[in-house]
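The next block holds one structure in the form of structure tokens; read it before the comments.
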Amino acid sequence: MAADASRAGHRQCGRDHRRVPLAGQPARRMAEGSRHEGQRAGAVDMRDRFAAIPFLAEGRGDEGCDCWGLVWLWYRDVLRIALPRYDGVAVDDPRGIDRVIRIAEADWTPVDTPRDHDVVVMRAVGGSRADSHLGIVVETRKVMHTTERLGGQVQRLSSPLIRSRAPRFFRHHALV
């Protein structure tokens with residue numbers, strides 16, 4: 001019964017079973033008195049907002065987005081950094097993401113140690129050697145990304161699924 005009450009007003013979101021507030025429900029915050037209460041709670045609320053956006057091929061908005069659209073929207077709304085939209089690039093085609101990566105190289109610096117807001121470039125699931133998927137580092141040790149099959153999700157960078165995709169990290173020149 002207590003477990004049911006704690007879930008009231010929330011729905012399951014993503015594979016890591018986070019609870020995301022339903023529309024009109026207040027987001028949960030960290031306990032009062034927490035040293036980084038406001039900053040941390042705001043970051044989690046923002047992450048949850050973006051992770052709840054459904055997958056939409058070539059989408060670039062709250063109604064839906066693909067993996068580049070999620071990066072584009074995050075940089076626009078959270079960091080106030082304008083990135084190219086790359087409209088017409090099919091991100092479900094590995095050549096589409098590869099094209100985006102090649103075009104955008106001048107604006108990004110490869111980094112060994114990721115930090116929040118860095119872009120994660122990954123290989124496709126299944127052992128492909130082509131970079132074909134993007135995500136965003138959130139909470140230092142997690143990646144937020146979206147896929148057609150699962151939609152928005154947040155996973156640990158250390159998870160076997162993410163590690164098997166040979167992630168590489170890039171920092172936008174405006175954040176260096």
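So you can find residues: chains in the structure tokens are A, B, ... in the order shown, residues in each start at 1, and ligands are numbered from 1 in order.
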Within 12 Å of Arg163 in chain A, counting only C-alpha atoms, which residues qualify if same-chain residues fewer than 3 places away don't, as a list in words? Val120, Val121, Met122, Arg123, Ala124, Val125, Gly127, Lys142, Val143, Gln155, Arg156, Leu157, Ser158, Ser159, Pro160, Ala166, Pro167 and Arg168 of chain A
Identify all residues of range 34-127 of chain A in helix (DSSP H, G or I) (DSSP on the backbone) and supply them as a ChimeraX atom specification. /A:37-51,67-77,94-107
Find the residues near Val100 in chain A: any atom within 12 Å, counting only C-alpha atoms, skip ones fewer than 2 places away on the same chain, and give them as a VMD selection string. chain A and resid 67 to 69 71 to 72 83 to 91 93 to 98 102 to 108 121 131 to 134
Restricting the calculation to only C-alpha atoms: of A:Leu79, A:Gly59, A:Leu161, A:Asp66, which residue gets closest to Gly135 in chain A?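 Nearest to Gly135 in chain A: A:Asp66.
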Could you please write out, as a PyMOL selection string, every residue of range 71-133 of chain A that DSSP assigns to strand (DSSP E)? chain A and resi 108-111+119-123+131-133
Please list as a PDB file with N, CA and C atoms, in the first residue's frame every residue within 9 Å of Gly61 in chain A, counting only C-alpha atoms and excluding residues in the same chain fewer than 4 positions away.
```pdb
ATOM      1  N   ILE A  53      10.637  13.277 -23.517  1.00  0.00           N
ATOM      2  CA  ILE A  53      10.256  13.632 -24.889  1.00  0.00           C
ATOM      3  C   ILE A  53      10.270  12.355 -25.734  1.00  0.00           C
ATOM      4  N   CYS A  65      11.689  14.093 -30.720  1.00  0.00           N
ATOM      5  CA  CYS A  65      12.977  14.347 -31.342  1.00  0.00           C
ATOM      6  C   CYS A  65      13.750  13.047 -31.506  1.00  0.00           C
ATOM      7  N   GLY A  69      18.205  15.652 -32.428  1.00  0.00           N
ATOM      8  CA  GLY A  69      17.209  16.612 -31.963  1.00  0.00           C
ATOM      9  C   GLY A  69      17.270  16.811 -30.463  1.00  0.00           C
ATOM     10  N   LEU A  70      17.529  15.736 -29.714  1.00  0.00           N
ATOM     11  CA  LEU A  70      17.652  15.841 -28.261  1.00  0.00           C
ATOM     12  C   LEU A  70      18.862  16.699 -27.893  1.00  0.00           C
ATOM     13  N   LEU A  73      18.061  20.362 -28.916  1.00  0.00           N
ATOM     14  CA  LEU A  73      17.103  20.981 -28.002  1.00  0.00           C
ATOM     15  C   LEU A  73      17.747  21.284 -26.646  1.00  0.00           C
TER      16      LEU A  73
END
```
With only C-alpha atoms as the basis for distance, which of A:Pro54, A:Gly126, A:Arg47, A:Tyr75 is at the shortest distance from Ser164 in chain A?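 Nearest to Ser164 in chain A: A:Gly126.
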Residue nearest Phe50 in chain A - candidates A:His145, A:His173, A:Arg165, A:Arg129, atoms counted: only C-alpha atoms: A:His145
Residue nearest Arg76 in chain A among A:Thr140, A:Ile162, A:Gly152, A:Arg60 (counting only C-alpha atoms):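 Checking each candidate against Arg76 in chain A, we get A:Arg60 as the closest.
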Rounded to one decimal in Å, what is the spacing between CA of Phe55 in chain A and CA of Val154 in chain A? 13.8 Å
